[in-house]
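Q: Can you keep this structure in mind? I'll have questions shortly.
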Amino acid sequence: MTSVVLLDYGSGNLHSAERALVRAGAQVEVTADHKAALAADGLVVPGVGAFAACMAGLREVRGERIIGQRLAGGRPVLGICVGMQILFDRGVEFGVETEGCGEWPGTVDKLDAPVLPHMGWNTVEAPAQSVLFAGMDPGTRFYFVHTYAARSWELPSSDHLAAPELTWTEHGSRFLAAVENGALSATQFHPEKSGDAGAQLLSNWVKSL
């Protein structure tokens, strides 16, 4: 059975994510243990709340090193919500800039929208060759809850990552709903809260490991 470590660094809805990954066909371990996280077929990095708080928790367990080591070896990683945001160079919240993992260039900042947070169901524009969204209709909806996002894409600086498949959506303005970049994938929405659509996305990811 495909093994997945759900990285426990003090952030994220671990129980619902664990249940969703088990339903997707994975054998799941919730841990911050480096050996387990490096050995698993896949690593999931969850995240809720503030960018700065998530990065502080990640650094406490040296999670950014785990992510970097896995990607250097072409080992799959999936970020969810703030777990996607921290993969970028930096996050800006309330005028305060926090350094991220730097796997993707760019800045996560506040959405330009009349109503915040962006909370609820939204469709996405996924590329035809996407692995995560394979088999899904264009009108498929996913559950979002966030105020910040990556609103543009810069060319990746990491030589171990392939050209990206970018999925966009809109709330006030366009932002990245998901990125598939070689071994590194991430979603701004919560697949574990997105019903059948989220279950299919996680199943697609687990099958790709």
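Each chain in the structure tokens gets a letter, A, B, ..., in the order shown, and its residues are numbered from 1; ligands are numbered from 1 in order too.
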Please return as an MDAnalysis selection string: the residues of segment 8-184 of chain A that backbone DSSP assigns to helix (DSSP H, G or I).
A: chainID A and resid 14:23 34:39 51:60 63:72 82:85
Q: Output as a Markdown table one row per residue of segment 74-131 of chain A within 12 Å of segment 3-8 of chain A: the closest atom pair and its distance in Å to one decimal place, counting only C-alpha atoms, sorted by chain and residue number ascending.
A:
```
| residue | atom | partner | partner_atom | distance |
| --- | --- | --- | --- | --- |
| A:Arg75 | CA | A:Val4 | CA | 11.3 |
| A:Pro76 | CA | A:Val4 | CA | 9.8 |
| A:Val77 | CA | A:Val4 | CA | 9.6 |
| A:Leu78 | CA | A:Leu6 | CA | 9.6 |
| A:Gly79 | CA | A:Leu7 | CA | 10.0 |
| A:Ile80 | CA | A:Leu6 | CA | 10.8 |
| A:Gly83 | CA | A:Leu7 | CA | 10.0 |
```
Q: When you look at Ala53 of chain A with a cut-off of 12 Å (counting only C-alpha atoms), what residues show up, excluding the ones that are within fewer than 5 positions of it in the same chain? I need them as an MDAnalysis selection string.
A: chainID A and resid 9:12 47:48 58:60 82:83 86 91 93 98:100
Q: For Gln27 of chain A, list every protein, DNA or RNA residue within 10 Å, evaluated using only C-alpha atoms, and leave out those in the same chain fewer than 5 positions away; present the list as a list in words.
A: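 Once the adjacent positions are removed, what remains is Met1, Thr2, Ser3, Val4, Val5, Glu18, Leu21, Val22, Ala40, Asp41 and Val206 of chain A.
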Q: Take the residues that were just selected and, keeping all heavy atoms, output them as a PDB file, in the first residue's frame.
A:
```
ATOM      1  N   MET A   1       0.841  -1.205   0.000  1.00  0.00           N
ATOM      2  CA  MET A   1       0.000   0.000   0.000  1.00  0.00           C
ATOM      3  C   MET A   1       0.875   1.253   0.000  1.00  0.00           C
ATOM      4  O   MET A   1       1.944   1.262   0.605  1.00  0.00           O
ATOM      5  CB  MET A   1      -0.918   0.007   1.235  1.00  0.00           C
ATOM      6  CG  MET A   1      -1.860   1.200   1.293  1.00  0.00           C
ATOM      7  SD  MET A   1      -2.991   1.162   2.703  1.00  0.00           S
ATOM      8  CE  MET A   1      -4.138  -0.085   2.176  1.00  0.00           C
ATOM      9  N   THR A   2       0.433   2.289  -0.668  1.00  0.00           N
ATOM     10  CA  THR A   2       1.176   3.542  -0.766  1.00  0.00           C
ATOM     11  C   THR A   2       1.253   4.223   0.595  1.00  0.00           C
ATOM     12  O   THR A   2       0.241   4.430   1.258  1.00  0.00           O
ATOM     13  CB  THR A   2       0.497   4.486  -1.766  1.00  0.00           C
ATOM     14  OG1 THR A   2       0.388   3.832  -3.028  1.00  0.00           O
ATOM     15  CG2 THR A   2       1.290   5.765  -1.927  1.00  0.00           C
ATOM     16  N   SER A   3       2.469   4.573   1.009  1.00  0.00           N
ATOM     17  CA  SER A   3       2.660   5.198   2.325  1.00  0.00           C
ATOM     18  C   SER A   3       2.741   6.713   2.188  1.00  0.00           C
ATOM     19  O   SER A   3       3.403   7.248   1.292  1.00  0.00           O
ATOM     20  CB  SER A   3       3.944   4.677   2.975  1.00  0.00           C
ATOM     21  OG  SER A   3       5.076   5.003   2.188  1.00  0.00           O
ATOM     22  N   VAL A   4       2.028   7.405   3.074  1.00  0.00           N
ATOM     23  CA  VAL A   4       2.017   8.863   3.090  1.00  0.00           C
ATOM     24  C   VAL A   4       2.237   9.346   4.515  1.00  0.00           C
ATOM     25  O   VAL A   4       1.601   8.851   5.453  1.00  0.00           O
ATOM     26  CB  VAL A   4       0.684   9.427   2.555  1.00  0.00           C
ATOM     27  CG1 VAL A   4       0.599  10.937   2.779  1.00  0.00           C
ATOM     28  CG2 VAL A   4       0.522   9.113   1.076  1.00  0.00           C
ATOM     29  N   VAL A   5       3.149  10.290   4.696  1.00  0.00           N
ATOM     30  CA  VAL A   5       3.313  10.963   5.975  1.00  0.00           C
ATOM     31  C   VAL A   5       2.608  12.302   5.914  1.00  0.00           C
ATOM     32  O   VAL A   5       2.818  13.095   4.982  1.00  0.00           O
ATOM     33  CB  VAL A   5       4.805  11.147   6.341  1.00  0.00           C
ATOM     34  CG1 VAL A   5       4.973  12.235   7.407  1.00  0.00           C
ATOM     35  CG2 VAL A   5       5.379   9.848   6.862  1.00  0.00           C
ATOM     36  N   GLU A  18      -6.099  13.258   7.488  1.00  0.00           N
ATOM     37  CA  GLU A  18      -5.715  11.849   7.619  1.00  0.00           C
ATOM     38  C   GLU A  18      -6.833  10.940   7.118  1.00  0.00           C
ATOM     39  O   GLU A  18      -6.591  10.006   6.342  1.00  0.00           O
ATOM     40  CB  GLU A  18      -5.395  11.529   9.078  1.00  0.00           C
ATOM     41  CG  GLU A  18      -4.979  10.078   9.301  1.00  0.00           C
ATOM     42  CD  GLU A  18      -4.726   9.757  10.770  1.00  0.00           C
ATOM     43  OE1 GLU A  18      -5.086  10.570  11.646  1.00  0.00           O
ATOM     44  OE2 GLU A  18      -4.164   8.671  11.034  1.00  0.00           O
ATOM     45  N   LEU A  21      -7.052  11.040   3.301  1.00  0.00           N
ATOM     46  CA  LEU A  21      -5.962  10.325   2.641  1.00  0.00           C
ATOM     47  C   LEU A  21      -6.132   8.813   2.756  1.00  0.00           C
ATOM     48  O   LEU A  21      -5.830   8.072   1.815  1.00  0.00           O
ATOM     49  CB  LEU A  21      -4.622  10.757   3.234  1.00  0.00           C
ATOM     50  CG  LEU A  21      -4.150  12.156   2.824  1.00  0.00           C
ATOM     51  CD1 LEU A  21      -3.071  12.652   3.776  1.00  0.00           C
ATOM     52  CD2 LEU A  21      -3.631  12.136   1.382  1.00  0.00           C
ATOM     53  N   VAL A  22      -6.628   8.351   3.885  1.00  0.00           N
ATOM     54  CA  VAL A  22      -6.911   6.914   4.043  1.00  0.00           C
ATOM     55  C   VAL A  22      -7.989   6.491   3.051  1.00  0.00           C
ATOM     56  O   VAL A  22      -7.877   5.452   2.384  1.00  0.00           O
ATOM     57  CB  VAL A  22      -7.326   6.600   5.493  1.00  0.00           C
ATOM     58  CG1 VAL A  22      -7.879   5.184   5.603  1.00  0.00           C
ATOM     59  CG2 VAL A  22      -6.147   6.776   6.439  1.00  0.00           C
ATOM     60  N   ALA A  40       8.654   7.861   3.259  1.00  0.00           N
ATOM     61  CA  ALA A  40       7.302   7.643   2.749  1.00  0.00           C
ATOM     62  C   ALA A  40       7.226   7.902   1.245  1.00  0.00           C
ATOM     63  O   ALA A  40       7.998   8.688   0.685  1.00  0.00           O
ATOM     64  CB  ALA A  40       6.320   8.552   3.477  1.00  0.00           C
ATOM     65  N   ASP A  41       6.272   7.245   0.599  1.00  0.00           N
ATOM     66  CA  ASP A  41       6.067   7.474  -0.836  1.00  0.00           C
ATOM     67  C   ASP A  41       5.651   8.919  -1.103  1.00  0.00           C
ATOM     68  O   ASP A  41       6.038   9.502  -2.117  1.00  0.00           O
ATOM     69  CB  ASP A  41       4.991   6.523  -1.373  1.00  0.00           C
ATOM     70  CG  ASP A  41       5.418   5.067  -1.276  1.00  0.00           C
ATOM     71  OD1 ASP A  41       6.581   4.768  -1.607  1.00  0.00           O
ATOM     72  OD2 ASP A  41       4.580   4.226  -0.871  1.00  0.00           O
ATOM     73  N   VAL A 206      -2.452  10.178  -4.811  1.00  0.00           N
ATOM     74  CA  VAL A 206      -1.935   8.946  -4.206  1.00  0.00           C
ATOM     75  C   VAL A 206      -1.595   7.932  -5.297  1.00  0.00           C
ATOM     76  O   VAL A 206      -0.552   7.266  -5.238  1.00  0.00           O
ATOM     77  CB  VAL A 206      -2.967   8.361  -3.209  1.00  0.00           C
ATOM     78  CG1 VAL A 206      -2.559   6.953  -2.776  1.00  0.00           C
ATOM     79  CG2 VAL A 206      -3.086   9.271  -1.987  1.00  0.00           C
TER      80      VAL A 206
END
```
Q: List as a list in words the protein and nucleic acid residues near Glu154 of chain A, meaning an atom at most 8 Å away when only C-alpha atoms are counted, but skip any in the same chain fewer than 3 places from it.
A: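 So, after excluding close chain neighbours, the residues are Trp104, Pro105 and Gly106 of chain A.
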Q: May I have all residues of segment 2-205 of chain A that DSSP, computed from the backbone, assigns to strand (DSSP E or B), given as an MDAnalysis selection string?
A: chainID A and resid 2:7 26:31 42:45 77:80 88:93 96:99 104:110 118:123 125 141:146 148:150 165:171 173:181 184:187
Q: Select, from A:Pro114, A:Pro46, A:Gly182, A:Gly57, the residue with the minimum atom-to-atom distance to Met84 of chain A, counting only C-alpha atoms.
A: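 Smallest distance to Met84 of chain A is found for A:Pro46.
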Q: Measuring between only C-alpha atoms, which one of A:Ala183, A:Ala36, A:Ala150, A:Val28 shows the shortest distance to Ala163 of chain A?
A: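 Distance minimum relative to Ala163 of chain A lands on A:Ala183.
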Q: What does the distance from atom CA of Val145 of chain A to atom CA of Glu64 of chain A come to in Å, to one decimal?
A: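 Taking atom CA of Val145 of chain A as the start and atom CA of Glu64 of chain A as the end point, the length is 23.8 Å.
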Q: Quick one: pull the distance between atom CA of Val96 of chain A and atom CA of Ala186 of chain A, Å, one decimal.
A: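 Computing the Euclidean distance for atom CA of Val96 of chain A and atom CA of Ala186 of chain A yields 23.7 Å.
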Q: Go through A:Ala113, A:Leu202, A:Val131, A:Ala17 and flag the residue nearest Glu180 of chain A, using only C-alpha atoms for the distances.
A: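 Residue with the minimum atom-to-atom distance to Glu180 of chain A: A:Val131.
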Q: Find the distance between atom CA of Ala50 of chain A and atom CA of Phe133 of chain A and write it in Å to one decimal.
A: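 So the two atoms, atom CA of Ala50 of chain A and atom CA of Phe133 of chain A, lie 27.1 Å apart.
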Q: Given only C-alpha atoms as the basis, pick out the residue of A:Trp205, A:Phe144, A:Trp153, A:Trp168 nearest to Ser185 of chain A.
A: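 Result for the nearest residue to Ser185 of chain A: A:Trp205.
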Q: I'd like the neighbourhood of Ser203 of chain A as a PDB file with all heavy atoms, in the first residue's frame, where a residue qualifies if any of its atoms comes within 8 Å (using only C-alpha atoms), though same-chain residues fewer than 3 positions away should be ignored.
A:
```pdb
ATOM      1  N   LEU A  21      -7.052  11.040   3.301  1.00  0.00           N
ATOM      2  CA  LEU A  21      -5.962  10.325   2.641  1.00  0.00           C
ATOM      3  C   LEU A  21      -6.132   8.813   2.756  1.00  0.00           C
ATOM      4  O   LEU A  21      -5.830   8.072   1.815  1.00  0.00           O
ATOM      5  CB  LEU A  21      -4.622  10.757   3.234  1.00  0.00           C
ATOM      6  CG  LEU A  21      -4.150  12.156   2.824  1.00  0.00           C
ATOM      7  CD1 LEU A  21      -3.071  12.652   3.776  1.00  0.00           C
ATOM      8  CD2 LEU A  21      -3.631  12.136   1.382  1.00  0.00           C
ATOM      9  N   ALA A  24      -8.501   7.785   0.297  1.00  0.00           N
ATOM     10  CA  ALA A  24      -7.897   7.862  -1.037  1.00  0.00           C
ATOM     11  C   ALA A  24      -6.996   6.668  -1.325  1.00  0.00           C
ATOM     12  O   ALA A  24      -6.449   6.552  -2.419  1.00  0.00           O
ATOM     13  CB  ALA A  24      -7.115   9.156  -1.178  1.00  0.00           C
ATOM     14  N   GLY A  25      -6.809   5.788  -0.332  1.00  0.00           N
ATOM     15  CA  GLY A  25      -6.054   4.564  -0.559  1.00  0.00           C
ATOM     16  C   GLY A  25      -4.652   4.548   0.005  1.00  0.00           C
ATOM     17  O   GLY A  25      -3.863   3.660  -0.324  1.00  0.00           O
ATOM     18  N   ALA A 199     -11.934  14.208  -2.706  1.00  0.00           N
ATOM     19  CA  ALA A 199     -11.558  12.801  -2.572  1.00  0.00           C
ATOM     20  C   ALA A 199     -10.929  12.289  -3.859  1.00  0.00           C
ATOM     21  O   ALA A 199      -9.937  11.547  -3.830  1.00  0.00           O
ATOM     22  CB  ALA A 199     -12.785  11.966  -2.207  1.00  0.00           C
ATOM     23  N   GLN A 200     -11.490  12.701  -5.009  1.00  0.00           N
ATOM     24  CA  GLN A 200     -10.915  12.266  -6.285  1.00  0.00           C
ATOM     25  C   GLN A 200      -9.534  12.878  -6.491  1.00  0.00           C
ATOM     26  O   GLN A 200      -8.616  12.207  -6.974  1.00  0.00           O
ATOM     27  CB  GLN A 200     -11.833  12.648  -7.441  1.00  0.00           C
ATOM     28  CG  GLN A 200     -11.317  12.132  -8.785  1.00  0.00           C
ATOM     29  CD  GLN A 200     -12.286  12.348  -9.926  1.00  0.00           C
ATOM     30  OE1 GLN A 200     -13.438  12.718  -9.723  1.00  0.00           O
ATOM     31  NE2 GLN A 200     -11.821  12.116 -11.139  1.00  0.00           N
ATOM     32  N   VAL A 206      -2.452  10.178  -4.811  1.00  0.00           N
ATOM     33  CA  VAL A 206      -1.935   8.946  -4.206  1.00  0.00           C
ATOM     34  C   VAL A 206      -1.595   7.932  -5.297  1.00  0.00           C
ATOM     35  O   VAL A 206      -0.552   7.266  -5.238  1.00  0.00           O
ATOM     36  CB  VAL A 206      -2.967   8.361  -3.209  1.00  0.00           C
ATOM     37  CG1 VAL A 206      -2.559   6.953  -2.776  1.00  0.00           C
ATOM     38  CG2 VAL A 206      -3.086   9.271  -1.987  1.00  0.00           C
ATOM     39  N   LYS A 207      -2.430   7.818  -6.305  1.00  0.00           N
ATOM     40  CA  LYS A 207      -2.161   6.867  -7.396  1.00  0.00           C
ATOM     41  C   LYS A 207      -0.923   7.246  -8.202  1.00  0.00           C
ATOM     42  O   LYS A 207      -0.297   6.389  -8.826  1.00  0.00           O
ATOM     43  CB  LYS A 207      -3.370   6.796  -8.331  1.00  0.00           C
ATOM     44  CG  LYS A 207      -4.564   6.066  -7.734  1.00  0.00           C
ATOM     45  CD  LYS A 207      -5.755   6.123  -8.668  1.00  0.00           C
ATOM     46  CE  LYS A 207      -6.958   5.423  -8.041  1.00  0.00           C
ATOM     47  NZ  LYS A 207      -8.184   5.562  -8.888  1.00  0.00           N
TER      48      LYS A 207
END
```
Q: Sorted by chain and rising residue number, which residues of segment 22-97 of chain A lie within 9 Å of segment 107-110 of chain A, and what are their closest atom pairs and distances in Å to one decimal, counting only C-alpha atoms, as JSON lines?
A:
```
{"residue": "A:Phe51", "atom": "CA", "partner": "A:Val108", "partner_atom": "CA", "distance": 8.8}
{"residue": "A:Gln85", "atom": "CA", "partner": "A:Val108", "partner_atom": "CA", "distance": 6.3}
{"residue": "A:Ile86", "atom": "CA", "partner": "A:Val108", "partner_atom": "CA", "distance": 8.3}
{"residue": "A:Phe88", "atom": "CA", "partner": "A:Thr107", "partner_atom": "CA", "distance": 6.4}
{"residue": "A:Asp89", "atom": "CA", "partner": "A:Thr107", "partner_atom": "CA", "distance": 6.1}
{"residue": "A:Arg90", "atom": "CA", "partner": "A:Thr107", "partner_atom": "CA", "distance": 5.0}
{"residue": "A:Gly91", "atom": "CA", "partner": "A:Val108", "partner_atom": "CA", "distance": 4.6}
{"residue": "A:Val92", "atom": "CA", "partner": "A:Asp109", "partner_atom": "CA", "distance": 5.1}
{"residue": "A:Glu93", "atom": "CA", "partner": "A:Asp109", "partner_atom": "CA", "distance": 6.5}
{"residue": "A:Phe94", "atom": "CA", "partner": "A:Lys110", "partner_atom": "CA", "distance": 8.9}
```
Q: Might you pull out every residue within 6 Å of Ser194 of chain A, with only C-alpha atoms counted and same-chain residues fewer than 4 positions away left off, and present them as a ChimeraX atom specification?
A: /A:142-143,198
